Amino acid sequence: APPPAPSPATSVTPFAAGLQGMDAVREALRRMRLEQYAEAFDENGYDDLQFLSECGAEELERVLTGLELKLGHRMKFQTFFPGLAAELLA
């Protein structure tokens, strides 16, 4: 008989599988459909999801402006990132 299918509680998600550093940041960007900025985040040393999640709103705005995210993309990031980071870091 085939092995039983894993229950949702035991399914392995990408983050449960141990994505860390830039891989975790890249996945967060991908989920927001902003993966085109992954290289800019990496090149500027923003490769730690935990650090980014702890930035205040003003600090995060400076980061996003410095990385030259388009205005609409900055708004998207600021809207979705806090909840997404909390989910991915859980």
# chains A, B, ... in the order shown; residues from 1 in each chain; ligands from 1

call {"tool": "residues_around", "arguments": {"residues": "Val25 in chain A", "least_positions_apart": "2", "cutoff": "10 Å", "atoms": "only C-alpha atoms", "output": "list in words"}}
result
Leu19, Gln20, Gly21, Met22, Asp23, Glu27, Ala28, Leu29, Arg30, Arg31, Glu35, Ala38, Phe41, Asp42, Tyr46, Asp47, Asp48, Leu49, Gln50, Leu52, Ala85 and Leu88 of chain A

call {"tool": "write_last_selection", "arguments": {"atoms": "C-alpha atoms", "output": "PDB file, in the first residue's frame"}}
result
ATOM      1  CA  LEU A  19      15.451  28.881   3.916  1.00  0.00           C
ATOM      2  CA  GLN A  20      17.645  31.496   5.501  1.00  0.00           C
ATOM      3  CA  GLY A  21      19.462  34.672   4.614  1.00  0.00           C
ATOM      4  CA  MET A  22      19.022  35.910   1.079  1.00  0.00           C
ATOM      5  CA  ASP A  23      17.020  32.807   0.116  1.00  0.00           C
ATOM      6  CA  GLU A  27      11.146  34.055  -1.295  1.00  0.00           C
ATOM      7  CA  ALA A  28       9.382  36.932   0.476  1.00  0.00           C
ATOM      8  CA  LEU A  29       9.931  39.145  -2.568  1.00  0.00           C
ATOM      9  CA  ARG A  30       8.699  36.376  -4.863  1.00  0.00           C
ATOM     10  CA  ARG A  31       5.499  36.007  -2.849  1.00  0.00           C
ATOM     11  CA  GLU A  35      11.441  39.365  -7.175  1.00  0.00           C
ATOM     12  CA  ALA A  38      16.184  40.586  -5.154  1.00  0.00           C
ATOM     13  CA  PHE A  41      18.494  43.765  -1.792  1.00  0.00           C
ATOM     14  CA  ASP A  42      21.434  41.335  -1.935  1.00  0.00           C
ATOM     15  CA  TYR A  46      19.643  43.491   2.977  1.00  0.00           C
ATOM     16  CA  ASP A  47      19.877  39.722   3.105  1.00  0.00           C
ATOM     17  CA  ASP A  48      18.326  39.066   6.532  1.00  0.00           C
ATOM     18  CA  LEU A  49      14.544  38.696   6.742  1.00  0.00           C
ATOM     19  CA  GLN A  50      14.565  39.020  10.538  1.00  0.00           C
ATOM     20  CA  LEU A  52      14.140  43.708   7.686  1.00  0.00           C
ATOM     21  CA  ALA A  85       7.568  38.293   7.324  1.00  0.00           C
ATOM     22  CA  LEU A  88       7.687  33.241   7.176  1.00  0.00           C
TER      23      LEU A  88
END

call {"tool": "residues_around", "arguments": {"residues": "Phe77 in chain A", "least_positions_apart": "6", "cutoff": "9 Å", "atoms": "only C-alpha atoms", "output": "list in words"}}
result
Leu29, Met32, Leu34 and Leu64 of chain A

call {"tool": "closest_residue", "arguments": {"among": "A:Glu87, A:Pro82, A:Tyr37, A:Ala24", "to": "Cys55 in chain A", "atoms": "only C-alpha atoms"}}
result
A:Pro82
